[in-house]
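So this block is input.txt, compact mmCIF, C-alpha atoms (C1' of nucleotides):
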# COMPACT_ATOMS: atom_id res chain seq x y z
CA MET W 1 -20.17 51.51 -39.72
CA ARG W 2 -16.59 50.42 -40.12
CA LYS W 3 -13.86 51.57 -37.85
CA ARG W 4 -11.38 53.83 -39.52
CA GLU W 5 -7.84 52.59 -39.44
CA ASN W 6 -5.98 53.57 -36.34
CA PRO W 7 -3.16 56.01 -37.14
CA LEU W 8 -0.79 53.83 -35.19
CA VAL W 9 -1.20 51.09 -37.75
CA ALA W 10 0.55 52.98 -40.51
CA GLN W 11 3.22 54.02 -38.08
CA PHE W 12 3.92 50.47 -36.99
CA MET W 13 3.73 49.22 -40.52
CA ASP W 14 6.51 51.63 -41.36
CA VAL W 15 8.63 50.17 -38.62
CA LEU W 16 8.09 46.73 -40.06
CA GLU W 17 8.83 47.79 -43.61
CA GLU W 18 12.06 49.36 -42.48
CA GLN W 19 13.01 45.94 -41.26
CA GLY W 20 12.24 44.36 -44.60
CA TYR W 21 8.81 42.98 -43.85
CA ARG W 22 5.99 43.30 -46.30
CA ASP W 23 2.82 45.25 -45.94
CA THR W 24 0.03 42.69 -45.92
CA LEU W 25 -3.61 42.72 -45.04
CA PRO W 26 -3.36 40.19 -42.23
CA ARG W 27 -0.58 42.17 -40.62
CA ARG W 28 -2.60 45.33 -40.79
CA ALA W 29 -5.55 43.54 -39.29
CA VAL W 30 -3.39 42.37 -36.42
CA LEU W 31 -1.93 45.81 -35.89
CA GLN W 32 -5.33 47.40 -36.00
CA ALA W 33 -6.69 45.03 -33.40
CA ILE W 34 -3.71 45.55 -31.17
CA ALA W 35 -3.68 49.31 -31.48
CA GLN W 36 -7.20 49.40 -30.11
CA LYS W 37 -6.60 47.42 -26.99
CA GLU W 38 -6.02 49.21 -23.77
CA LYS W 39 -5.35 46.05 -21.83
CA HIS W 40 -2.94 43.19 -22.20
CA PHE W 41 -4.15 40.17 -24.16
CA THR W 42 -3.29 36.64 -25.18
CA ALA W 43 -2.59 35.23 -28.61
CA GLU W 44 -5.77 33.20 -28.43
CA ALA W 45 -7.89 36.22 -27.56
CA LEU W 46 -6.51 38.02 -30.56
CA ARG W 47 -7.26 35.01 -32.71
CA GLU W 48 -10.87 34.97 -31.62
CA GLN W 49 -11.12 38.60 -32.43
CA LEU W 50 -9.74 38.05 -35.90
CA PRO W 51 -11.42 34.92 -37.21
CA GLY W 52 -10.35 35.78 -40.73
CA VAL W 53 -6.68 35.50 -39.90
CA GLY W 54 -5.07 32.10 -39.61
CA ARG W 55 -3.73 30.85 -36.35
CA ALA W 56 -0.18 30.57 -37.61
CA THR W 57 -0.24 34.10 -38.88
CA ILE W 58 -1.39 35.39 -35.53
CA TYR W 59 1.43 33.67 -33.72
CA ARG W 60 4.00 34.60 -36.33
CA SER W 61 2.89 38.21 -36.27
CA LEU W 62 3.05 38.45 -32.52
CA LYS W 63 6.57 37.12 -32.45
CA LEU W 64 7.60 39.45 -35.21
CA LEU W 65 6.09 42.44 -33.49
CA VAL W 66 7.82 41.67 -30.24
CA ASP W 67 11.12 41.45 -32.10
CA ALA W 68 10.39 44.71 -33.84
CA GLY W 69 9.74 46.37 -30.50
CA VAL W 70 6.16 47.25 -31.32
CA LEU W 71 4.72 44.80 -28.84
CA CYS W 72 5.95 43.90 -25.44
CA ARG W 73 5.20 41.01 -23.23
CA VAL W 74 3.97 41.62 -19.73
CA LEU W 75 4.15 39.21 -16.87
CA LEU W 76 1.09 38.86 -14.71
CA GLU W 77 1.36 38.24 -11.02
CA ASP W 78 0.35 34.62 -11.48
CA GLY W 79 3.15 33.99 -13.94
CA ASN W 80 1.13 34.20 -17.12
CA LEU W 81 2.48 36.21 -19.99
CA ARG W 82 0.42 38.62 -22.00
CA TYR W 83 1.03 40.91 -24.93
CA GLN W 84 0.63 44.61 -25.00
CA LEU W 85 1.42 47.53 -27.24
CA SER W 86 4.78 49.09 -26.59
CA ARG W 87 4.78 52.82 -26.88
CA GLN W 88 8.40 53.51 -26.17
CA GLY W 89 11.71 51.87 -25.51
CA HIS W 90 12.73 50.51 -22.17
CA HIS W 91 9.97 50.89 -19.67
CA HIS W 92 8.06 48.98 -17.03
CA HIS W 93 4.40 48.45 -16.38
CA LEU W 94 2.09 49.35 -13.61
CA LEU W 95 -0.54 46.64 -13.91
CA CYS W 96 -3.88 46.93 -12.26
CA VAL W 97 -4.67 43.56 -10.75
CA ASP W 98 -8.39 44.21 -10.90
CA CYS W 99 -9.19 45.66 -14.28
CA GLY W 100 -5.99 44.87 -16.13
CA VAL W 101 -5.17 48.32 -17.43
CA SER W 102 -1.55 49.20 -17.45
CA ALA W 103 0.36 52.39 -17.26
CA ASP W 104 3.89 52.75 -18.43
CA LEU W 105 6.56 53.56 -15.94
CA ILE W 106 9.18 55.52 -17.70
CA GLY W 107 12.32 56.98 -16.28
CA CYS W 108 13.37 53.68 -14.80
CA ASP W 109 16.37 54.45 -12.66
CA ILE W 110 16.73 51.17 -10.90
CA GLU W 111 19.46 49.93 -13.18
CA SER W 112 22.23 51.80 -11.43
CA ARG W 113 21.05 50.68 -8.07
CA LEU W 114 20.88 47.12 -9.27
CA LYS W 115 24.41 47.30 -10.53
CA ASN W 116 25.62 48.28 -7.09
CA VAL W 117 23.78 45.58 -5.26
CA ALA W 118 24.78 43.00 -7.79
CA ALA W 119 28.41 43.95 -7.70
CA SER W 120 28.58 42.84 -4.09
CA HIS W 121 27.49 39.45 -5.33
CA ASP W 122 30.23 39.35 -7.96
CA PHE W 123 27.60 39.71 -10.58
CA GLN W 124 27.72 41.70 -13.79
CA VAL W 125 24.27 43.03 -14.58
CA SER W 126 23.12 43.11 -18.19
CA GLY W 127 19.38 43.56 -17.89
CA HIS W 128 16.31 43.22 -15.78
CA TRP W 129 12.60 42.61 -15.93
CA LEU W 130 10.31 44.48 -13.61
CA GLU W 131 6.55 44.44 -13.34
CA VAL W 132 4.66 46.39 -10.72
CA TYR W 133 1.24 45.29 -9.53
CA GLY W 134 -1.42 47.28 -7.80
CA ARG W 135 -4.62 49.14 -8.42
CA CYS W 136 -5.42 51.98 -10.71
CA ARG W 137 -7.32 54.84 -9.15
CA GLN W 138 -10.72 53.67 -10.25
CA CYS W 139 -10.22 50.18 -8.92
CA ALA W 140 -8.67 51.45 -5.71
CA GLU W 141 -11.73 53.59 -5.12
CA ALA W 142 -14.09 50.76 -5.92
CA GLN W 143 -12.14 48.57 -3.55
CA ALA W 144 -12.36 51.13 -0.76
CA MET W 145 -16.09 51.36 -1.30
CA MET W 146 -16.53 47.65 -0.81
CA ALA W 147 -14.56 47.48 2.40
CA MET I 1 26.10 4.27 -3.11
CA ARG I 2 22.83 5.99 -2.41
CA LYS I 3 22.57 9.64 -1.66
CA ARG I 4 21.58 10.38 1.87
CA GLU I 5 18.46 12.43 2.24
CA ASN I 6 19.09 16.11 2.08
CA PRO I 7 18.38 17.77 5.43
CA LEU I 8 16.25 20.34 3.67
CA VAL I 9 13.77 17.63 2.76
CA ALA I 10 12.66 17.05 6.32
CA GLN I 11 12.50 20.75 6.89
CA PHE I 12 10.28 21.36 3.89
CA MET I 13 8.19 18.35 4.71
CA ASP I 14 7.49 19.96 8.06
CA VAL I 15 6.28 23.09 6.34
CA LEU I 16 3.91 21.01 4.27
CA GLU I 17 2.61 19.04 7.22
CA GLU I 18 1.88 22.23 9.07
CA GLN I 19 -0.37 23.11 6.20
CA GLY I 20 -2.21 19.83 6.45
CA TYR I 21 -0.46 17.95 3.66
CA ARG I 22 0.61 14.36 4.10
CA ASP I 23 4.08 13.00 4.19
CA THR I 24 4.36 10.75 1.15
CA LEU I 25 7.19 9.07 -0.68
CA PRO I 26 6.60 10.84 -3.99
CA ARG I 27 6.64 14.20 -2.26
CA ARG I 28 9.88 13.38 -0.54
CA ALA I 29 11.35 12.28 -3.82
CA VAL I 30 10.37 15.57 -5.41
CA LEU I 31 11.74 17.56 -2.50
CA GLN I 32 14.96 15.62 -2.54
CA ALA I 33 15.46 16.24 -6.23
CA ILE I 34 14.70 19.91 -5.86
CA ALA I 35 16.89 20.40 -2.82
CA GLN I 36 19.85 19.19 -4.83
CA LYS I 37 19.49 21.55 -7.74
CA GLU I 38 21.54 24.66 -7.84
CA LYS I 39 19.91 25.94 -11.01
CA HIS I 40 16.38 26.62 -12.06
CA PHE I 41 14.53 23.81 -13.79
CA THR I 42 11.34 22.91 -15.61
CA ALA I 43 8.61 20.53 -14.63
CA GLU I 44 9.55 18.24 -17.49
CA ALA I 45 13.19 18.11 -16.46
CA LEU I 46 12.15 17.10 -13.00
CA ARG I 47 9.92 14.45 -14.44
CA GLU I 48 12.75 12.94 -16.42
CA GLN I 49 14.84 12.90 -13.33
CA LEU I 50 12.14 11.08 -11.40
CA PRO I 51 10.78 8.43 -13.73
CA GLY I 52 9.18 6.64 -10.82
CA VAL I 53 6.87 9.54 -10.07
CA GLY I 54 3.81 10.12 -12.19
CA ARG I 55 3.49 13.17 -14.32
CA ALA I 56 0.42 14.43 -12.52
CA THR I 57 2.13 14.12 -9.19
CA ILE I 58 5.06 16.15 -10.41
CA TYR I 59 2.85 18.97 -11.56
CA ARG I 60 0.65 18.84 -8.51
CA SER I 61 3.65 18.86 -6.21
CA LEU I 62 5.22 21.82 -7.92
CA LYS I 63 2.09 23.85 -7.62
CA LEU I 64 1.69 22.90 -4.01
CA LEU I 65 5.27 23.79 -3.21
CA VAL I 66 4.97 27.18 -4.83
CA ASP I 67 1.88 27.85 -2.75
CA ALA I 68 3.66 26.71 0.36
CA GLY I 69 6.49 29.10 -0.38
CA VAL I 70 9.11 26.38 -0.68
CA LEU I 71 9.56 26.84 -4.38
CA CYS I 72 9.59 29.99 -6.37
CA ARG I 73 9.17 30.61 -10.02
CA VAL I 74 11.77 32.57 -11.88
CA LEU I 75 11.29 34.35 -15.12
CA LEU I 76 13.97 33.95 -17.74
CA GLU I 77 14.86 36.77 -20.05
CA ASP I 78 13.07 35.08 -22.93
CA GLY I 79 9.84 34.88 -20.98
CA ASN I 80 10.06 31.26 -19.95
CA LEU I 81 9.28 30.35 -16.40
CA ARG I 82 11.37 28.02 -14.31
CA TYR I 83 11.20 26.68 -10.81
CA GLN I 84 13.74 27.06 -8.13
CA LEU I 85 14.13 26.47 -4.44
CA SER I 86 13.12 29.39 -2.28
CA ARG I 87 15.34 29.91 0.68
CA GLN I 88 13.68 32.87 2.25
CA GLY I 89 10.73 35.16 1.96
CA HIS I 90 10.55 38.04 -0.44
CA HIS I 91 13.63 38.22 -2.56
CA HIS I 92 14.76 38.62 -6.14
CA HIS I 93 17.13 36.69 -8.31
CA LEU I 94 20.33 37.47 -10.03
CA LEU I 95 20.25 35.07 -12.94
CA CYS I 96 23.34 34.20 -14.90
CA VAL I 97 22.34 34.18 -18.55
CA ASP I 98 25.18 31.84 -19.42
CA CYS I 99 25.26 29.10 -16.85
CA GLY I 100 21.90 29.60 -15.22
CA VAL I 101 23.00 29.83 -11.62
CA SER I 102 21.14 32.26 -9.53
CA ALA I 103 21.96 34.26 -6.48
CA ASP I 104 19.34 35.68 -4.20
CA LEU I 105 19.06 39.39 -3.85
CA ILE I 106 17.84 40.11 -0.41
CA GLY I 107 17.24 43.45 1.19
CA CYS I 108 15.08 44.57 -1.68
CA ASP I 109 14.44 48.23 -1.08
CA ILE I 110 12.81 49.12 -4.32
CA GLU I 111 9.31 48.89 -2.96
CA SER I 112 9.34 52.31 -1.36
CA ARG I 113 10.73 53.90 -4.46
CA LEU I 114 8.12 52.18 -6.57
CA LYS I 115 5.38 53.49 -4.35
CA ASN I 116 6.54 57.02 -4.96
CA VAL I 117 6.80 56.72 -8.69
CA ALA I 118 3.49 54.93 -8.90
CA ALA I 119 1.71 57.48 -6.77
CA SER I 120 2.32 60.06 -9.44
CA HIS I 121 0.41 57.78 -11.78
CA ASP I 122 -2.51 57.49 -9.36
CA PHE I 123 -1.55 53.95 -8.74
CA GLN I 124 -1.63 52.01 -5.52
CA VAL I 125 1.20 49.50 -5.48
CA SER I 126 0.61 46.10 -3.96
CA GLY I 127 3.50 44.06 -5.27
CA HIS I 128 6.16 43.63 -7.86
CA TRP I 129 8.19 41.06 -9.72
CA LEU I 130 11.81 41.72 -10.45
CA GLU I 131 14.39 39.54 -12.11
CA VAL I 132 17.92 40.66 -12.78
CA TYR I 133 19.98 39.18 -15.58
CA GLY I 134 23.69 39.18 -16.05
CA ARG I 135 26.75 37.06 -15.58
CA CYS I 136 28.16 35.40 -12.53
CA ARG I 137 31.84 35.93 -11.94
CA GLN I 138 32.92 32.71 -13.58
CA CYS I 139 30.93 33.34 -16.71
CA ALA I 140 31.98 36.97 -16.86
CA GLU I 141 35.60 35.88 -16.77
CA ALA I 142 35.06 33.22 -19.38
CA GLN I 143 33.36 35.79 -21.54
CA ALA I 144 36.23 38.25 -21.17
CA MET I 145 38.61 35.49 -22.17
CA MET I 146 36.77 34.83 -25.41
CA ALA I 147 36.64 38.44 -26.46
C1' DG Y 1 -12.02 3.54 8.42
C1' DT Y 2 -11.81 7.93 6.52
C1' DT Y 3 -9.49 10.99 3.91
C1' DT Y 4 -5.90 12.43 0.89
C1' DA Y 5 -2.51 11.34 -2.68
C1' DT Y 6 -1.04 8.76 -6.65
C1' DG Y 7 -0.78 7.01 -11.34
C1' DC Y 8 -2.56 6.39 -15.56
C1' DA Y 9 -4.66 7.65 -19.66
C1' DA Y 10 -7.21 10.95 -21.85
C1' DA Y 11 -8.42 15.59 -22.44
C1' DA Y 12 -7.44 20.23 -22.85
C1' DC Y 13 -4.53 23.92 -24.17
C1' DA Y 14 -0.90 26.42 -26.43
C1' DT Y 15 2.40 26.91 -29.87
C1' DT Y 16 5.11 25.46 -33.92
C1' DT Y 17 6.02 23.49 -38.47
C1' DG Y 18 5.74 21.70 -43.39
C1' DC Y 19 4.03 22.74 -47.45
C1' DA Y 20 1.12 24.19 -51.28
C1' DT Y 21 -1.07 28.51 -52.56
C1' DA Y 22 -1.67 33.38 -52.76
C1' DG Y 23 -0.04 38.02 -52.32
C1' DT Y 24 3.76 41.70 -52.49
C1' DC Y 25 7.27 44.07 -54.41
C1' DG J 1 9.05 36.69 -61.82
C1' DA J 2 11.27 36.21 -57.44
C1' DC J 3 10.58 36.15 -52.93
C1' DT J 4 7.78 36.45 -48.75
C1' DA J 5 3.57 35.60 -46.25
C1' DT J 6 -0.57 33.00 -45.50
C1' DG J 7 -3.64 29.26 -44.28
C1' DC J 8 -4.43 24.85 -43.23
C1' DA J 9 -3.74 20.71 -40.94
C1' DA J 10 -0.80 18.04 -38.45
C1' DA J 11 2.85 17.67 -35.18
C1' DT J 12 4.69 19.12 -30.85
C1' DG J 13 4.85 20.33 -26.26
C1' DT J 14 2.89 21.36 -21.81
C1' DT J 15 -0.34 21.16 -18.19
C1' DT J 16 -4.77 19.57 -16.33
C1' DT J 17 -8.44 16.30 -15.14
C1' DG J 18 -11.36 12.13 -14.04
C1' DC J 19 -11.27 8.22 -11.76
C1' DA J 20 -10.01 3.79 -9.72
C1' DT J 21 -6.41 2.30 -6.58
C1' DA J 22 -3.10 2.81 -2.97
C1' DA J 23 -1.13 5.05 0.97
C1' DA J 24 -1.32 7.97 5.11
C1' DC J 25 -3.29 9.32 9.29

Can the structure in the file be given as structure tokens, please?
Amino acid sequence: MRKRENPLVAQFMDVLEEQGYRDTLPRRAVLQAIAQKEKHFTAEALREQLPGVGRATIYRSLKLLVDAGVLCRVLLEDGNLRYQLSRQGHHHHLLCVDCGVSADLIGCDIESRLKNVAASHDFQVSGHWLEVYGRCRQCAEAQAMMA
Amino acid sequence: MRKRENPLVAQFMDVLEEQGYRDTLPRRAVLQAIAQKEKHFTAEALREQLPGVGRATIYRSLKLLVDAGVLCRVLLEDGNLRYQLSRQGHHHHLLCVDCGVSADLIGCDIESRLKNVAASHDFQVSGHWLEVYGRCRQCAEAQAMMA
DNA sequence: GTTTATGCAAAACATTTGCATAGTC
DNA sequence: GACTATGCAAATGTTTTGCATAAAC
């Protein structure tokens, strides 16, 4: 029983083709694997999941997908970086520290506030990186149960 | 002409001793080197600067200092992590993308706002990581000059 | 004297690169 | 057919670990 191809794969493949990249089987395999994940992951984890795809291809694909805006990198609380599907443009993540699921925080309005604060430091803001850590409802409930 | 020991060294050494760590020459050397830096740095850079200290000691010291709250890790825009002296408790950094200097953003009031936004996602916030990128005044002026 | 820290070398990881081959357009 | 992507293996780079020795308390 094979999994049918995730509809996102074709969609992301289009994005890549628009940027001049070719439609190849390894890339589709990578996209398919990524589209299925609901948690962040590492390059090595993806590699284990796709033994048929060469290591270099995995790494090259991940970089390419980040550039293309299809993937984003998320920073864990301990400083480790993970990859995760990017569903829209600028956004931030709510990362559950227990189970690892992440929700997207859209409507980020901190930029204007940052600009104000930064101005008083003689600083011209051009960007920011924000990750929010906590617990999703399920994990919060489980946590409360244990206490 | 030797540099005199930076007063911060003794101060940080005290913090470590309170936590049960011993006062050793390599640790002082690391602290001294760190106290002098006004930019973020990597473990390897520190190692090159302190050829007399073993690699393992450098790495072990850095980890220890992060735990002790003396050092903090900063995230660059490209996803690389650097180390940098931590002068106070919870704070964020304004990082100059050109020269690398960083200013501390204190009085971070985003937490309450985050809690609100997150609540609507059924999410219980426990922490966050924020880095702000831009240009310090000098670099902003230099930039304007070039344009 | 007991305990902790250091230095070294080796191991363990993680990521990148060169290059011949295969696949796409 | 021209150009891009892949796979492999090797190179690179970074961080960790085991263990005997040295230093600190």

Chain I in the frame of chain W after full C-alpha superposition, as a CSV table (one decimal) with C-alpha atoms, in the coordinates of the input:
chain,number,residue,atom,x,y,z
I,1,MET,CA,-20.1,51.8,-39.7
I,2,ARG,CA,-16.6,50.6,-40.1
I,3,LYS,CA,-13.8,51.7,-37.9
I,4,ARG,CA,-11.3,53.9,-39.6
I,5,GLU,CA,-7.8,52.6,-39.5
I,6,ASN,CA,-5.9,53.6,-36.4
I,7,PRO,CA,-3.1,56.0,-37.2
I,8,LEU,CA,-0.7,53.8,-35.2
I,9,VAL,CA,-1.1,51.1,-37.8
I,10,ALA,CA,0.6,52.9,-40.5
I,11,GLN,CA,3.3,54.0,-38.1
I,12,PHE,CA,4.0,50.4,-37.0
I,13,MET,CA,3.8,49.2,-40.5
I,14,ASP,CA,6.6,51.6,-41.4
I,15,VAL,CA,8.7,50.1,-38.6
I,16,LEU,CA,8.2,46.7,-40.0
I,17,GLU,CA,8.9,47.7,-43.6
I,18,GLU,CA,12.2,49.3,-42.5
I,19,GLN,CA,13.1,45.9,-41.2
I,20,GLY,CA,12.3,44.3,-44.5
I,21,TYR,CA,8.9,42.9,-43.8
I,22,ARG,CA,6.1,43.2,-46.3
I,23,ASP,CA,2.9,45.2,-45.9
I,24,THR,CA,0.1,42.6,-45.9
I,25,LEU,CA,-3.5,42.7,-45.0
I,26,PRO,CA,-3.3,40.2,-42.2
I,27,ARG,CA,-0.5,42.1,-40.6
I,28,ARG,CA,-2.5,45.3,-40.8
I,29,ALA,CA,-5.5,43.5,-39.3
I,30,VAL,CA,-3.4,42.4,-36.4
I,31,LEU,CA,-1.9,45.8,-35.9
I,32,GLN,CA,-5.3,47.4,-36.0
I,33,ALA,CA,-6.7,45.1,-33.4
I,34,ILE,CA,-3.7,45.6,-31.2
I,35,ALA,CA,-3.7,49.3,-31.5
I,36,GLN,CA,-7.2,49.4,-30.2
I,37,LYS,CA,-6.6,47.5,-27.0
I,38,GLU,CA,-6.0,49.3,-23.8
I,39,LYS,CA,-5.4,46.1,-21.9
I,40,HIS,CA,-3.0,43.2,-22.2
I,41,PHE,CA,-4.2,40.2,-24.2
I,42,THR,CA,-3.4,36.7,-25.2
I,43,ALA,CA,-2.7,35.3,-28.6
I,44,GLU,CA,-5.9,33.2,-28.4
I,45,ALA,CA,-8.0,36.3,-27.6
I,46,LEU,CA,-6.6,38.0,-30.6
I,47,ARG,CA,-7.3,35.0,-32.7
I,48,GLU,CA,-10.9,35.0,-31.6
I,49,GLN,CA,-11.2,38.7,-32.4
I,50,LEU,CA,-9.8,38.1,-35.9
I,51,PRO,CA,-11.4,35.0,-37.2
I,52,GLY,CA,-10.4,35.8,-40.7
I,53,VAL,CA,-6.7,35.5,-39.9
I,54,GLY,CA,-5.1,32.1,-39.6
I,55,ARG,CA,-3.8,30.9,-36.3
I,56,ALA,CA,-0.2,30.5,-37.5
I,57,THR,CA,-0.3,34.1,-38.8
I,58,ILE,CA,-1.4,35.4,-35.5
I,59,TYR,CA,1.4,33.7,-33.7
I,60,ARG,CA,4.0,34.6,-36.3
I,61,SER,CA,2.9,38.2,-36.2
I,62,LEU,CA,3.0,38.4,-32.5
I,63,LYS,CA,6.5,37.1,-32.4
I,64,LEU,CA,7.6,39.4,-35.2
I,65,LEU,CA,6.1,42.4,-33.5
I,66,VAL,CA,7.8,41.7,-30.2
I,67,ASP,CA,11.1,41.4,-32.0
I,68,ALA,CA,10.4,44.7,-33.8
I,69,GLY,CA,9.8,46.3,-30.5
I,70,VAL,CA,6.2,47.2,-31.3
I,71,LEU,CA,4.7,44.8,-28.8
I,72,CYS,CA,5.9,43.9,-25.4
I,73,ARG,CA,5.2,41.0,-23.2
I,74,VAL,CA,3.9,41.6,-19.7
I,75,LEU,CA,4.1,39.2,-16.9
I,76,LEU,CA,1.1,38.8,-14.7
I,77,GLU,CA,1.4,38.2,-11.0
I,78,ASP,CA,0.4,34.6,-11.5
I,79,GLY,CA,3.1,34.0,-14.0
I,80,ASN,CA,1.1,34.2,-17.1
I,81,LEU,CA,2.4,36.2,-20.0
I,82,ARG,CA,0.4,38.7,-22.0
I,83,TYR,CA,1.0,40.9,-24.9
I,84,GLN,CA,0.6,44.6,-25.0
I,85,LEU,CA,1.4,47.6,-27.2
I,86,SER,CA,4.8,49.1,-26.6
I,87,ARG,CA,4.8,52.8,-26.9
I,88,GLN,CA,8.4,53.6,-26.2
I,89,GLY,CA,11.7,51.9,-25.5
I,90,HIS,CA,12.7,50.6,-22.1
I,91,HIS,CA,9.9,50.9,-19.6
I,92,HIS,CA,8.0,49.0,-17.0
I,93,HIS,CA,4.4,48.5,-16.3
I,94,LEU,CA,2.1,49.3,-13.6
I,95,LEU,CA,-0.5,46.6,-13.9
I,96,CYS,CA,-3.9,46.9,-12.2
I,97,VAL,CA,-4.7,43.5,-10.7
I,98,ASP,CA,-8.4,44.2,-10.9
I,99,CYS,CA,-9.2,45.7,-14.3
I,100,GLY,CA,-6.0,44.9,-16.1
I,101,VAL,CA,-5.2,48.3,-17.4
I,102,SER,CA,-1.6,49.2,-17.4
I,103,ALA,CA,0.3,52.4,-17.2
I,104,ASP,CA,3.9,52.8,-18.4
I,105,LEU,CA,6.6,53.6,-15.9
I,106,ILE,CA,9.2,55.5,-17.7
I,107,GLY,CA,12.3,57.0,-16.2
I,108,CYS,CA,13.3,53.7,-14.8
I,109,ASP,CA,16.3,54.5,-12.6
I,110,ILE,CA,16.7,51.2,-10.9
I,111,GLU,CA,19.4,50.0,-13.2
I,112,SER,CA,22.2,51.9,-11.5
I,113,ARG,CA,21.1,50.7,-8.1
I,114,LEU,CA,20.9,47.1,-9.3
I,115,LYS,CA,24.4,47.3,-10.6
I,116,ASN,CA,25.7,48.3,-7.2
I,117,VAL,CA,23.8,45.6,-5.3
I,118,ALA,CA,24.8,43.0,-7.9
I,119,ALA,CA,28.5,44.0,-7.8
I,120,SER,CA,28.6,42.9,-4.2
I,121,HIS,CA,27.6,39.5,-5.5
I,122,ASP,CA,30.3,39.4,-8.2
I,123,PHE,CA,27.6,39.8,-10.7
I,124,GLN,CA,27.7,41.8,-13.9
I,125,VAL,CA,24.2,43.1,-14.7
I,126,SER,CA,23.1,43.2,-18.3
I,127,GLY,CA,19.3,43.7,-17.9
I,128,HIS,CA,16.3,43.3,-15.8
I,129,TRP,CA,12.6,42.7,-15.9
I,130,LEU,CA,10.3,44.5,-13.6
I,131,GLU,CA,6.5,44.4,-13.3
I,132,VAL,CA,4.6,46.4,-10.7
I,133,TYR,CA,1.2,45.3,-9.5
I,134,GLY,CA,-1.4,47.2,-7.8
I,135,ARG,CA,-4.6,49.1,-8.4
I,136,CYS,CA,-5.4,52.0,-10.6
I,137,ARG,CA,-7.3,54.8,-9.1
I,138,GLN,CA,-10.7,53.6,-10.2
I,139,CYS,CA,-10.2,50.1,-8.9
I,140,ALA,CA,-8.7,51.4,-5.6
I,141,GLU,CA,-11.8,53.5,-5.0
I,142,ALA,CA,-14.1,50.7,-5.9
I,143,GLN,CA,-12.2,48.5,-3.5
I,144,ALA,CA,-12.4,51.0,-0.7
I,145,MET,CA,-16.1,51.2,-1.3
I,146,MET,CA,-16.6,47.5,-0.8
I,147,ALA,CA,-14.6,47.3,2.4

key: Between atom CA of I:Trp129 and atom CA of W:Gly79 - distance in Å to one decimal   = 9.7 Å

request  = Using only C-alpha atoms, determine which residues of chain I fall within 7 Å of chain W; present them as a PyMOL selection string.
outcome  = chain I and resi 122-137

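From atom CA of I:Ala33 back to atom C1' of Y:DT4, the distance works out to 22.8 Å.
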
message = Should the cut-off be 8 Å, what would the residue list for chain Y against chain W look like, counting only C-alpha atoms (C1' of nucleotides), as a ChimeraX atom specification?
response = /Y:15,23-24

key: Within 12 Å of chain I: residues of chain J, using all atoms listed in the file, as a PyMOL selection string   = chain J and resi 13-17+22-25

key: Residues within 10 Å of I:Val15, all atoms listed in the file, excluding chain neighbours under 3 positions, as number ranges by chain   = I: 9-12, 18-21, 65, 68-70
